[in-house]
Structures are given as C-alpha cells and as structure tokens.
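Engineer: Could you have a look at this structure, given as structure tokens, before my questions?
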Amino acid sequence: MGAGPLAIYIHWPFCQSKCPYCDFNSYARRTISEEQYLEAALSELDHYAAETRGRPLSSIFFGGGTPSLMMPHTVGELLDKIAALWPLESACEITLEANPSSVESDRFEGYRIAGVNRVSLGVQSLSDEQLRFLGRLHTAAEARQALEVAGRYFERISFDLIYARPGQTEFEWRSELREALALARRHLSLYQLTIEPETAFFDLYRRGKLRVPGADLSADLYTLTQEMCEAVGLPAYEVSNHAAPGQESRHNLTYWRYGDYLGIGPGAHGRLTIGGRKYATAAEKAPAAWYAKVNECGSGCEEHFELHPRQQAEEAVLMGLRLREGLDLAALSAKTGFSPTLQVIAPLEEGDLLRRDGDWLRATMQGRLVLNALVEAIAAGLEERAGSLVLSDSRSES
C-alpha cells in the first residue's frame with residue numbers, strides 16, 4: 001500500500017463504575033452483551049481489512065473502558081481474526097489495559113495464552129484514601145498484588161498513576177513516586193489530574209467544591225517527577241510516559257509519530273492513509289447504536305473524511321511535540337507541504353521553550369510546562385511550502 005505499518009486500537013466501552021475524573025467513552029451499564037460486542041467487532045475488522053489488507057501490523061491495543069472485563073476467549077477470537085486478515089510484524093506489541101482487582105488479575109494467564117504480550121494496569125494511586133477519592137474500586141494492596149501476578153505472565157508491564165491531586169504536597173508525591181519506581185518494570189505512565197468537562201469532578205470544581213494545585217505547585221510536581229524518573233533510568237520519552245530505552249509503548253508511538261491506525265469499537269477513532277490521502281474515522285459512541293450500525297453497514301463508522309494537508313500538519317505538531325525526540329520538520333514538510341516559519345520558531349527558541357537541532361524541533365523542559373500554548377503558537381504559524389523546508393537554512397538566520 002506504500003503507507004507503512006499499521007496499528008489497531010480496539011475499544012471496549014464498559015466499566016464496573018464511572019470514575020469521577022474520566023471523560024472517555026465508557027459506560028457502567030452494558031447495553032449490548034459481550035457476544036454482541038464480539039460479533040460486531042469481528043465485522044468491523046473485516047470491513048477495514050478490505051482497505052488495508054497486506055499492510056503489516058506493528059501493534060494492537062485493547063483500551064477502554066475496562067478491557068479486562070472481557071473474557072480471555074473474546075480477546076483470543078479478536079486476535080485470531082486480526083492474524084488472519086493482516087501480517088503481524090515479528091515484534092508486534094499486543095497490549096491490554098486492566099484494572100488491578102483480584103478478579104481481573106486472575107484472567108492474566110488467559111490473556112497471555114490468547115496472545116497478549118503487554119499489560120497496562122490502571123493503578124492510579126498507592127494510597128487507599130486517594131483511591132477512594134478517585135472512585136477506584138481496588139485497594140492499594142490489590143494493586144501491588146496485581147503487579148506481582150502480571151509479572152508471572154508478561155515481560156512487559158506498565159502502570160498508571162495520577163498526581164497533582166487536591167491537597168497533595170511535594171513530600172507526599174515524592175514518597176508515593178519512590179514506591180512506584182521500586183515497583184515499576186521499565187515503563188510508567190504518570191498523569192497530572194486534569195478537570196475535564198462532563199465529568200463528576202468538573203461539576204464539583206465548577207461549584208467550588210474541588211480545588212486542584214495551582215500552576216506553580218503543578219510545575220514543581222512535574223519537575224520533581226522528571227528528576228526522580230531520570231535518576232532511576234526511566235526518562236520521559238513523552239510528556240507523561242517514562243520508560244527504559246527500548247521499552248517505550250510502540251502503539252502509542254504510532255499516535256505521537258502520526259502513523260496510521262484503525263479504530264475498532266464504539267467511539268473509536270482512526271487515522272488511515274489510502275491512495276496517498278489521509279482520512280479521519282470515528283465510530284458511533286453509544287454501544288447499542290454502534291452495534292446496530294455495524295449490522296446495517298458492516299462498520300459502526302459515523303465519520304469518515306479526508307484531512308486537508310494543513311489539518312494533518314496541525315495534528316502532527318500536536319502529537320510530535322509531546323515526544324522527547326520531538327518533531328521531524330523535514331518529514332512534516334514532505335508529507336503535508338506545511339512547516340512552521342522562522343518568525344514563529346525564533347522567539348520561542350530565544351525564550352528557551354523550543355530547541356532546534358537540524359530538522360528536528362523539540363520542546364524544552366520549560367516548553368513542556370506550557371505545551372498547549374506552545375503547540376497552539378506553532379500550529380498557527382504553519383506555512384505552505386511549494387519547495388524546500390522553511391527551516392533548512394542555518395540557525396544563524398534566526
């Protein structure tokens with residue numbers, strides 16, 4: 001196809017309960033059965049295979065929701081179907097997100113037999129009090145036990161923590177992160193708590209009943225996080241993700257490097273290159289509506305449109321500047337015809353927010369603290385180029 005490897009994201013939309021900070025497309029009540037979900041997901045795989053058959057798969061990711069509520073045989077049937085439709089690269093990464101409850105960790109052996117080779121555990125905190133605040137149903141002891149059980153079946157394990165919680169001090173986060181680093185197995189995702197619209201926390205925040213750390217404390221917590229992770233060999237390869245060299249999430253790197261991926265399941269998004277053109281896809285969000293549409297059309301796709309080259313460039317900037325390696329401006333210009341101007345880049349370099357090294361553009365530590373504003377400024381300064389790269393001249397020009 002001439003479009004490189006492909007990744008597949010499979011969205012399982014159901015949870016045991018809805019966490020108060022979560023704005024993902026997830027539901028505590030099942031409106032379709034697991035059998036109906038499997039039937040429709042298999043149909044969607046067939047549908048997209050017609051457009052992408054022959055492209056090698058670099059990764060498969062089961063996300064949610066809580067995919068560890070799926071029975072292992074469901075995961076196995078989906079993986080068998082994928083293997084029948086696409087060639088898998090020899091190092092194909094197959095990740096499943098899981099809650100660290102005792103019930104779900106009992107399924108780890110079944111997931112490994114089905115073909116999963118990496119798990120990502122939603123630990124979120126190592127404090128029982130904070131787990132209750134975050135609406136989690138597991139305990140800190142269950143989380144530690146789940147990490148131990150996962151280690152029996154998977155060489156590659158990651159887990160998530162949420163910090164910058166209301167009232168959290170640097171001392172408290174240092175202590176919790178120190179334990180997390182002792183438990184970590186070469187990959188760790190550390191997210192600052194954000195208050196998203198249409199969540200329970202947003203309602204409390206709007207009414208003045210929930211206060212999060214201010215900008216200065218948040219910046220201090222982020223800096224502390226970087227220093228502690230660097231010290232034990234888990235540097236940030238992305239704003240919130242830390243890994244030993246070679247242990248980065250290959251699936252998420254596809255997103256951040258603006259590669260192609262299919263979205264399977266309710267509300268799943270995709271980016272797909274066909275015939276030299278890049279398309280965005282999005283499925284029906286509501287599980288029952290998605291299931292009905294798949295039965296009618298073969299796919300639950302609600303949106304399927306071509307991305308203008310400038311839109312592609314804006315998305316690539318948004319994703320690429322999250323990475324420690326940064327954004328390849330030569331590739332950006334070659335693929336989209338757009339690149340940022342020197343007039344935009346130079347003052348951001350002078351302000352120590354960006355660093356340019358040849359054709360690569362990276363956010364500095366200071367830049368990552370204001371990344372949203374940085375991305376907005378660069379995206380606004382994109383310029384169409386008919387010929388060579390805007391930044392191909394020497395740095396002395398700035």
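Residue numbers start at 1 in each chain; chains themselves are named A, B, ... in the order of the structure tokens; ligands are numbered from 1 in the order shown.
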What's the 8 Å shell around A:Thr364, counting only C-alpha atoms, without same-chain residues fewer than 5 positions away, as a list in words?
Structural biologist: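 Everything that qualifies: Asp352, Leu353, Leu354 and Arg355 of chain A.
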Engineer: Pull C-alpha atoms from the residues just selected and write them as a PDB file, in the first residue's frame.
Structural biologist:
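Just written: result_6.pdb:
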```
ATOM      1  CA  ASP A 352      14.036  28.604  25.965  1.00  0.00           C
ATOM      2  CA  LEU A 353      10.730  26.934  25.076  1.00  0.00           C
ATOM      3  CA  LEU A 354      11.949  25.198  21.924  1.00  0.00           C
ATOM      4  CA  ARG A 355      15.226  23.735  20.742  1.00  0.00           C
TER       5      ARG A 355
END
```
Engineer: Extract, using only C-alpha atoms, all DNA, RNA and protein residues at most 12 Å from A:His73, discarding same-chain residues fewer than 5 positions from it, and format them as a ChimeraX atom specification.
Structural biologist: /A:34-35,38,68,78-80,107-116
Engineer: Write the selection just made, keeping C-alpha atoms, as a PDB file, in the first residue's frame?
Structural biologist:
```
ATOM      1  CA  GLU A  34     -20.181  -9.471  25.204  1.00  0.00           C
ATOM      2  CA  GLU A  35     -21.283 -11.852  22.436  1.00  0.00           C
ATOM      3  CA  LEU A  38     -17.567  -9.621  19.647  1.00  0.00           C
ATOM      4  CA  SER A  68     -10.014  -6.762  31.467  1.00  0.00           C
ATOM      5  CA  LEU A  78     -10.336 -10.964  18.059  1.00  0.00           C
ATOM      6  CA  LEU A  79      -6.606 -11.654  17.838  1.00  0.00           C
ATOM      7  CA  ASP A  80      -7.164 -14.762  15.699  1.00  0.00           C
ATOM      8  CA  ARG A 107      -7.526 -13.647  33.993  1.00  0.00           C
ATOM      9  CA  PHE A 108      -3.924 -12.660  33.198  1.00  0.00           C
ATOM     10  CA  GLU A 109      -2.882 -16.197  32.335  1.00  0.00           C
ATOM     11  CA  GLY A 110      -5.808 -16.486  29.912  1.00  0.00           C
ATOM     12  CA  TYR A 111      -4.910 -13.209  28.208  1.00  0.00           C
ATOM     13  CA  ARG A 112      -1.301 -14.378  27.805  1.00  0.00           C
ATOM     14  CA  ILE A 113      -2.450 -17.636  26.215  1.00  0.00           C
ATOM     15  CA  ALA A 114      -4.752 -15.639  23.897  1.00  0.00           C
ATOM     16  CA  GLY A 115      -1.752 -13.690  22.588  1.00  0.00           C
ATOM     17  CA  VAL A 116      -1.471 -10.549  24.723  1.00  0.00           C
TER      18      VAL A 116
END
```
Engineer: What's the 12 Å shell around stretch 310-312 of chain A, counting only C-alpha atoms, without same-chain residues fewer than 6 positions away, as an mmCIF file with N, CA and C atoms, in the first residue's frame?
Structural biologist:
```cif
data_model
loop_
_atom_site.group_PDB
_atom_site.id
_atom_site.type_symbol
_atom_site.label_atom_id
_atom_site.label_comp_id
_atom_site.auth_asym_id
_atom_site.auth_seq_id
_atom_site.Cartn_x
_atom_site.Cartn_y
_atom_site.Cartn_z
ATOM 1 N N ARG A 257 3.862 9.761 16.576
ATOM 2 C CA ARG A 257 4.612 9.969 15.336
ATOM 3 C C ARG A 257 3.689 10.117 14.121
ATOM 4 N N TYR A 258 2.406 10.210 14.389
ATOM 5 C CA TYR A 258 1.366 10.449 13.394
ATOM 6 C C TYR A 258 1.332 9.356 12.331
ATOM 7 N N GLY A 259 1.406 8.116 12.811
ATOM 8 C CA GLY A 259 1.273 6.980 11.914
ATOM 9 C C GLY A 259 -0.181 6.624 11.710
ATOM 10 N N ASP A 260 -0.425 5.526 11.014
ATOM 11 C CA ASP A 260 -1.779 5.071 10.701
ATOM 12 C C ASP A 260 -2.264 4.048 11.721
ATOM 13 N N ARG A 271 -6.898 6.954 12.055
ATOM 14 C CA ARG A 271 -6.233 7.756 11.024
ATOM 15 C C ARG A 271 -5.681 6.764 10.010
ATOM 16 N N LEU A 272 -6.039 6.972 8.741
ATOM 17 C CA LEU A 272 -5.763 5.959 7.733
ATOM 18 C C LEU A 272 -5.348 6.607 6.424
ATOM 19 N N THR A 273 -4.208 6.183 5.882
ATOM 20 C CA THR A 273 -3.732 6.679 4.597
ATOM 21 C C THR A 273 -4.126 5.696 3.502
ATOM 22 N N ARG A 277 -3.745 9.724 0.454
ATOM 23 C CA ARG A 277 -4.572 10.674 1.177
ATOM 24 C C ARG A 277 -4.861 10.163 2.589
ATOM 25 N N LYS A 278 -4.896 11.093 3.533
ATOM 26 C CA LYS A 278 -5.100 10.702 4.928
ATOM 27 C C LYS A 278 -6.542 10.986 5.329
ATOM 28 N N TYR A 279 -7.156 9.972 5.979
ATOM 29 C CA TYR A 279 -8.551 10.068 6.375
ATOM 30 C C TYR A 279 -8.684 9.931 7.892
ATOM 31 N N ALA A 280 -9.664 10.635 8.443
ATOM 32 C CA ALA A 280 -10.029 10.501 9.847
ATOM 33 C C ALA A 280 -11.317 9.696 9.936
ATOM 34 N N LEU A 318 0.786 18.771 17.085
ATOM 35 C CA LEU A 318 0.179 18.490 18.382
ATOM 36 C C LEU A 318 0.737 17.213 18.993
ATOM 37 N N MET A 319 0.890 16.170 18.167
ATOM 38 C CA MET A 319 1.361 14.891 18.686
ATOM 39 C C MET A 319 2.884 14.865 18.843
ATOM 40 N N GLY A 320 3.592 15.343 17.830
ATOM 41 C CA GLY A 320 5.046 15.210 17.809
ATOM 42 C C GLY A 320 5.762 15.978 18.897
ATOM 43 N N LEU A 332 7.583 16.363 8.128
ATOM 44 C CA LEU A 332 6.334 17.123 8.161
ATOM 45 C C LEU A 332 6.111 17.865 6.849
ATOM 46 N N SER A 333 7.149 18.536 6.378
ATOM 47 C CA SER A 333 7.048 19.296 5.137
ATOM 48 C C SER A 333 6.836 18.383 3.932
ATOM 49 N N ALA A 334 7.555 17.249 3.914
ATOM 50 C CA ALA A 334 7.445 16.333 2.778
ATOM 51 C C ALA A 334 6.051 15.704 2.695
ATOM 52 N N LYS A 335 5.456 15.402 3.850
ATOM 53 C CA LYS A 335 4.165 14.712 3.866
ATOM 54 C C LYS A 335 2.977 15.646 3.698
ATOM 55 N N THR A 336 3.097 16.872 4.210
ATOM 56 C CA THR A 336 1.932 17.760 4.226
ATOM 57 C C THR A 336 2.106 19.016 3.385
ATOM 58 N N GLY A 337 3.368 19.383 3.094
ATOM 59 C CA GLY A 337 3.600 20.639 2.382
ATOM 60 C C GLY A 337 3.592 21.852 3.297
ATOM 61 N N PHE A 338 3.490 21.632 4.607
ATOM 62 C CA PHE A 338 3.461 22.745 5.566
ATOM 63 C C PHE A 338 4.593 22.590 6.572
ATOM 64 N N SER A 339 5.080 23.723 7.069
ATOM 65 C CA SER A 339 6.048 23.730 8.157
ATOM 66 C C SER A 339 6.002 25.094 8.840
ATOM 67 N N PRO A 340 6.454 25.186 10.100
ATOM 68 C CA PRO A 340 6.428 26.472 10.794
ATOM 69 C C PRO A 340 7.500 27.416 10.264
ATOM 70 N N ALA A 379 1.266 25.765 15.561
ATOM 71 C CA ALA A 379 0.235 25.397 14.591
ATOM 72 C C ALA A 379 -0.308 26.620 13.863
ATOM 73 N N ALA A 380 -0.440 27.733 14.585
ATOM 74 C CA ALA A 380 -0.944 28.953 13.966
ATOM 75 C C ALA A 380 0.058 29.527 12.963
ATOM 76 N N GLY A 381 1.344 29.190 13.144
ATOM 77 C CA GLY A 381 2.383 29.734 12.271
ATOM 78 C C GLY A 381 2.806 28.815 11.148
ATOM 79 N N LEU A 382 2.042 27.768 10.886
ATOM 80 C CA LEU A 382 2.371 26.867 9.777
ATOM 81 C C LEU A 382 2.194 27.594 8.447
ATOM 82 N N GLU A 383 3.101 27.322 7.541
ATOM 83 C CA GLU A 383 3.081 27.983 6.234
ATOM 84 C C GLU A 383 3.244 26.941 5.136
ATOM 85 N N GLU A 384 2.462 27.085 4.092
ATOM 86 C CA GLU A 384 2.554 26.151 2.977
ATOM 87 C C GLU A 384 3.821 26.394 2.198
ATOM 88 N N ARG A 385 4.485 25.297 1.813
ATOM 89 C CA ARG A 385 5.754 25.398 1.080
ATOM 90 C C ARG A 385 5.657 24.596 -0.203
#
```
Engineer: Find the residue from A:Pro5, A:Gly367, A:Trp290, A:Leu210 that sits nearest to A:Gly54; use only C-alpha atoms when measuring.
Structural biologist: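 Checking each of A:Pro5, A:Gly367, A:Trp290, A:Leu210 against A:Gly54, counting only C-alpha atoms, the winner is A:Pro5.
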Engineer: Using Å and a single decimal, report how far atom CA of A:Trp256 sits from atom CA of A:Arg322.
Structural biologist: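 Computed distance, atom CA of A:Arg322 to atom CA of A:Trp256, equals 7.2 Å.
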Engineer: Between A:Asp23, A:Glu296, A:Gln192, A:Ile274, which one has atoms that come closest to A:Arg55, using only C-alpha atoms?
Structural biologist: A:Ile274
Engineer: When DSSP works through the backbone of this structure, what residues of stretch 220-314 of chain A end up as alpha helix (DSSP H), shown as a VMD selection string?
Structural biologist: chain A and resid 220 to 231 250 to 256 287 to 297 309 to 314
Engineer: A:Gly151: which residues within 10 Å, counting only C-alpha atoms, same-chain residues fewer than 5 positions away excluded, as a list in words?
Structural biologist: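 Answer for this query is Phe108, Val119, Gln145, Ala146, Arg156, Ile157 and Arg185 of chain A.
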Engineer: Could you name the residues that touch A:His187 at 7 Å or less, counting only C-alpha atoms, but leaving out those on the same chain fewer than 2 positions away, as a PyMOL selection string?
Structural biologist: chain A and resi 157-158+184-185+189+242-244+247-248
Engineer: Just to be explicit: take each residue in the selection above, keep N, CA and C atoms, and write the result as a CSV table (one decimal), in the first residue's frame.
Structural biologist:
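And here is the file that came out, out33.csv:
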```csv
chain,number,residue,atom,x,y,z
A,157,ILE,N,5.3,-4.8,31.3
A,157,ILE,CA,4.2,-4.3,32.1
A,157,ILE,C,4.4,-2.8,32.3
A,158,SER,N,3.2,-2.1,32.3
A,158,SER,CA,3.2,-0.7,32.6
A,158,SER,C,2.1,-0.4,33.6
A,184,ALA,N,8.0,-0.4,39.5
A,184,ALA,CA,7.9,-0.3,38.0
A,184,ALA,C,8.8,-1.3,37.3
A,185,ARG,N,8.3,-1.8,36.2
A,185,ARG,CA,9.1,-2.7,35.4
A,185,ARG,C,9.3,-2.1,34.0
A,189,SER,N,3.4,5.3,33.4
A,189,SER,CA,2.7,6.5,32.9
A,189,SER,C,2.2,7.3,34.1
A,242,HIS,N,7.1,7.4,30.8
A,242,HIS,CA,8.5,7.1,31.1
A,242,HIS,C,8.9,5.7,30.9
A,243,ALA,N,10.1,5.5,30.3
A,243,ALA,CA,10.5,4.1,30.0
A,243,ALA,C,12.0,4.0,29.9
A,244,ALA,N,12.5,2.8,30.2
A,244,ALA,CA,13.9,2.4,29.9
A,244,ALA,C,14.0,2.4,28.4
A,247,GLN,N,11.9,0.2,25.8
A,247,GLN,CA,10.7,-0.2,26.4
A,247,GLN,C,9.5,0.7,26.2
A,248,GLU,N,9.6,1.6,25.3
A,248,GLU,CA,8.5,2.6,25.1
A,248,GLU,C,7.3,1.8,24.5
```
Engineer: When you draw a straight line from atom CA of A:Met365 to atom CA of A:Cys229, how long is it in Å?
Structural biologist: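 Rounded to one decimal, the two atoms are 14.2 Å apart.
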Engineer: Near A:Lys81, within 8 Å and counting only C-alpha atoms, which residues show up once chain neighbours fewer than 3 positions away are dropped, as a compact mmCIF listing (two decimals) with N, CA and C atoms, in the first residue's frame?
Structural biologist:
```
# COMPACT_ATOMS: atom_id res chain seq x y z
N LEU A 42 -15.74 -8.15 15.15
CA LEU A 42 -15.22 -9.00 14.08
C LEU A 42 -15.66 -8.47 12.71
N LEU A 45 -13.54 -5.45 11.75
CA LEU A 45 -12.22 -5.87 11.30
C LEU A 45 -12.26 -6.30 9.84
N GLU A 77 -10.39 -14.57 20.22
CA GLU A 77 -11.08 -14.59 18.93
C GLU A 77 -10.76 -13.34 18.11
N LEU A 78 -10.68 -12.20 18.77
CA LEU A 78 -10.34 -10.96 18.06
C LEU A 78 -8.91 -11.04 17.50
N ALA A 84 -5.54 -13.42 10.85
CA ALA A 84 -5.99 -13.97 9.57
C ALA A 84 -6.13 -12.90 8.49
N LEU A 85 -6.25 -11.64 8.91
CA LEU A 85 -6.50 -10.56 7.95
C LEU A 85 -5.26 -9.74 7.60
```
Engineer: If DSSP is run on the backbone, what residues of stretch 26-124 of chain A are strand (DSSP E)? A reply as a list in words would be ideal.
Structural biologist: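 Here is the list: Leu57, Ser58, Ser59, Ile60, Phe61, Phe62, Gly63, Gly64, Leu88, Glu89, Ser90, Ala91, Cys92, Glu93, Ile94, Thr95, Leu96, Glu97, Ala98, Arg118, Val119, Ser120, Leu121, Gly122, Val123 and Gln124 of chain A.
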Engineer: Could you tell me how far atom CA of A:Gln16 sits from atom CA of A:Thr66, in Å to one decimal place?
Structural biologist: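 Calculated distance between atom CA of A:Thr66 and atom CA of A:Gln16 is 7.9 Å.
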Engineer: Write out as a VMD selection string the residues lying within 12 Å of A:Asn99, counting only C-alpha atoms and excluding same-chain residues fewer than 4 positions away.
Structural biologist: chain A and resid 15 to 17 63 to 70 103 to 108 119 to 124 136 to 140 142 to 147 150 158 to 160
Engineer: Could you please take those selected residues and save N, CA and C atoms as an mmCIF file, in the first residue's frame?
Structural biologist:
```
data_model
loop_
_atom_site.group_PDB
_atom_site.id
_atom_site.type_symbol
_atom_site.label_atom_id
_atom_site.label_comp_id
_atom_site.auth_asym_id
_atom_site.auth_seq_id
_atom_site.Cartn_x
_atom_site.Cartn_y
_atom_site.Cartn_z
ATOM 1 N N CYS A 15 -17.292 -0.417 31.935
ATOM 2 C CA CYS A 15 -16.561 -0.404 33.202
ATOM 3 C C CYS A 15 -17.489 -0.903 34.306
ATOM 4 N N GLN A 16 -16.904 -1.207 35.464
ATOM 5 C CA GLN A 16 -17.730 -1.548 36.623
ATOM 6 C C GLN A 16 -18.396 -0.302 37.192
ATOM 7 N N SER A 17 -17.684 0.842 37.112
ATOM 8 C CA SER A 17 -18.244 2.124 37.547
ATOM 9 C C SER A 17 -17.508 3.228 36.791
ATOM 10 N N GLY A 63 -8.161 -1.024 24.627
ATOM 11 C CA GLY A 63 -8.343 0.060 25.580
ATOM 12 C C GLY A 63 -9.803 0.213 25.963
ATOM 13 N N GLY A 64 -10.069 1.162 26.868
ATOM 14 C CA GLY A 64 -11.453 1.295 27.304
ATOM 15 C C GLY A 64 -11.751 2.595 27.995
ATOM 16 N N GLY A 65 -12.808 2.532 28.861
ATOM 17 C CA GLY A 65 -13.380 1.339 29.421
ATOM 18 C C GLY A 65 -12.371 0.457 30.156
ATOM 19 N N THR A 66 -12.827 -0.744 30.436
ATOM 20 C CA THR A 66 -12.002 -1.709 31.157
ATOM 21 C C THR A 66 -11.958 -3.016 30.383
ATOM 22 N N PRO A 67 -10.990 -3.171 29.465
ATOM 23 C CA PRO A 67 -10.917 -4.387 28.651
ATOM 24 C C PRO A 67 -10.729 -5.664 29.447
ATOM 25 N N SER A 68 -10.201 -5.544 30.676
ATOM 26 C CA SER A 68 -10.014 -6.762 31.467
ATOM 27 C C SER A 68 -11.324 -7.307 32.017
ATOM 28 N N LEU A 69 -12.446 -6.651 31.687
ATOM 29 C CA LEU A 69 -13.761 -7.244 31.959
ATOM 30 C C LEU A 69 -14.152 -8.232 30.866
ATOM 31 N N MET A 70 -13.423 -8.212 29.731
ATOM 32 C CA MET A 70 -13.655 -9.199 28.669
ATOM 33 C C MET A 70 -13.122 -10.555 29.094
ATOM 34 N N VAL A 103 -10.127 -10.093 40.871
ATOM 35 C CA VAL A 103 -10.907 -10.846 39.885
ATOM 36 C C VAL A 103 -10.268 -10.748 38.511
ATOM 37 N N GLU A 104 -9.894 -9.540 38.127
ATOM 38 C CA GLU A 104 -9.344 -9.357 36.788
ATOM 39 C C GLU A 104 -7.921 -9.897 36.665
ATOM 40 N N SER A 105 -7.134 -9.803 37.726
ATOM 41 C CA SER A 105 -5.774 -10.336 37.641
ATOM 42 C C SER A 105 -5.780 -11.858 37.517
ATOM 43 N N ASP A 106 -6.868 -12.497 37.944
ATOM 44 C CA ASP A 106 -6.991 -13.949 37.767
ATOM 45 C C ASP A 106 -7.079 -14.331 36.285
ATOM 46 N N ARG A 107 -7.394 -13.371 35.417
ATOM 47 C CA ARG A 107 -7.526 -13.647 33.993
ATOM 48 C C ARG A 107 -6.218 -13.453 33.228
ATOM 49 N N PHE A 108 -5.164 -12.992 33.899
ATOM 50 C CA PHE A 108 -3.924 -12.660 33.198
ATOM 51 C C PHE A 108 -3.356 -13.848 32.421
ATOM 52 N N VAL A 119 0.743 -5.712 29.364
ATOM 53 C CA VAL A 119 -0.422 -5.206 30.079
ATOM 54 C C VAL A 119 -0.123 -3.822 30.639
ATOM 55 N N SER A 120 -1.172 -3.015 30.710
ATOM 56 C CA SER A 120 -1.092 -1.680 31.288
ATOM 57 C C SER A 120 -2.139 -1.589 32.385
ATOM 58 N N LEU A 121 -1.694 -1.444 33.622
ATOM 59 C CA LEU A 121 -2.586 -1.502 34.779
ATOM 60 C C LEU A 121 -2.958 -0.095 35.251
ATOM 61 N N GLY A 122 -4.254 0.122 35.459
ATOM 62 C CA GLY A 122 -4.736 1.417 35.933
ATOM 63 C C GLY A 122 -4.680 1.506 37.446
ATOM 64 N N VAL A 123 -3.485 1.615 37.984
ATOM 65 C CA VAL A 123 -3.296 1.660 39.442
ATOM 66 C C VAL A 123 -3.813 2.987 40.003
ATOM 67 N N GLN A 124 -3.354 4.101 39.444
ATOM 68 C CA GLN A 124 -3.777 5.480 39.730
ATOM 69 C C GLN A 124 -3.283 6.030 41.060
ATOM 70 N N ARG A 136 -11.881 4.686 42.505
ATOM 71 C CA ARG A 136 -11.386 3.371 42.108
ATOM 72 C C ARG A 136 -11.955 2.293 43.033
ATOM 73 N N LEU A 137 -12.166 1.099 42.485
ATOM 74 C CA LEU A 137 -12.791 0.018 43.246
ATOM 75 C C LEU A 137 -11.777 -0.945 43.859
ATOM 76 N N HIS A 138 -10.501 -0.810 43.487
ATOM 77 C CA HIS A 138 -9.480 -1.690 44.051
ATOM 78 C C HIS A 138 -8.769 -0.990 45.204
ATOM 79 N N THR A 139 -8.039 -1.757 45.969
ATOM 80 C CA THR A 139 -7.222 -1.218 47.061
ATOM 81 C C THR A 139 -5.761 -1.146 46.618
ATOM 82 N N ALA A 140 -4.956 -0.454 47.412
ATOM 83 C CA ALA A 140 -3.528 -0.377 47.119
ATOM 84 C C ALA A 140 -2.886 -1.756 47.212
ATOM 85 N N GLU A 142 -4.351 -4.614 46.540
ATOM 86 C CA GLU A 142 -4.712 -5.342 45.316
ATOM 87 C C GLU A 142 -3.852 -4.889 44.148
ATOM 88 N N ALA A 143 -3.530 -3.611 44.093
ATOM 89 C CA ALA A 143 -2.692 -3.105 43.010
ATOM 90 C C ALA A 143 -1.295 -3.724 43.066
ATOM 91 N N ARG A 144 -0.731 -3.775 44.244
ATOM 92 C CA ARG A 144 0.596 -4.378 44.384
ATOM 93 C C ARG A 144 0.556 -5.862 44.024
ATOM 94 N N GLN A 145 -0.500 -6.538 44.460
ATOM 95 C CA GLN A 145 -0.648 -7.956 44.158
ATOM 96 C C GLN A 145 -0.817 -8.172 42.652
ATOM 97 N N ALA A 146 -1.600 -7.314 41.994
ATOM 98 C CA ALA A 146 -1.813 -7.450 40.554
ATOM 99 C C ALA A 146 -0.503 -7.275 39.789
ATOM 100 N N LEU A 147 0.334 -6.354 40.229
ATOM 101 C CA LEU A 147 1.629 -6.168 39.574
ATOM 102 C C LEU A 147 2.487 -7.423 39.719
ATOM 103 N N ALA A 150 0.931 -10.097 37.389
ATOM 104 C CA ALA A 150 1.218 -9.764 35.988
ATOM 105 C C ALA A 150 2.646 -10.134 35.622
ATOM 106 N N SER A 158 3.233 -2.091 32.293
ATOM 107 C CA SER A 158 3.209 -0.673 32.632
ATOM 108 C C SER A 158 2.079 -0.444 33.623
ATOM 109 N N PHE A 159 2.174 0.642 34.380
ATOM 110 C CA PHE A 159 1.007 1.043 35.163
ATOM 111 C C PHE A 159 0.926 2.562 35.239
ATOM 112 N N ASP A 160 -0.307 3.046 35.498
ATOM 113 C CA ASP A 160 -0.594 4.479 35.536
ATOM 114 C C ASP A 160 -0.722 4.967 36.968
#
```
Engineer: In terms of the shortest atom-to-atom distance over only C-alpha atoms, which of A:Ala182, A:Ile345, A:Val294, A:Val239 is closest to A:Arg324?
Structural biologist: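 Of all the options, A:Val239 lies closest to A:Arg324.
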Engineer: So which one's closest to A:Ala283, A:Ala41, A:Ala180, A:Leu307, A:Val232? Using only C-alpha atoms, please.
Structural biologist: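 Ranked by minimum distance to A:Ala283, first place goes to A:Ala41.
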Engineer: A:Thr341, A:Ser102, A:Asn25, A:Thr74: which is nearest A:Glu39, counting only C-alpha atoms?
Structural biologist: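 Among the listed residues, the smallest separation from A:Glu39 belongs to A:Thr74.
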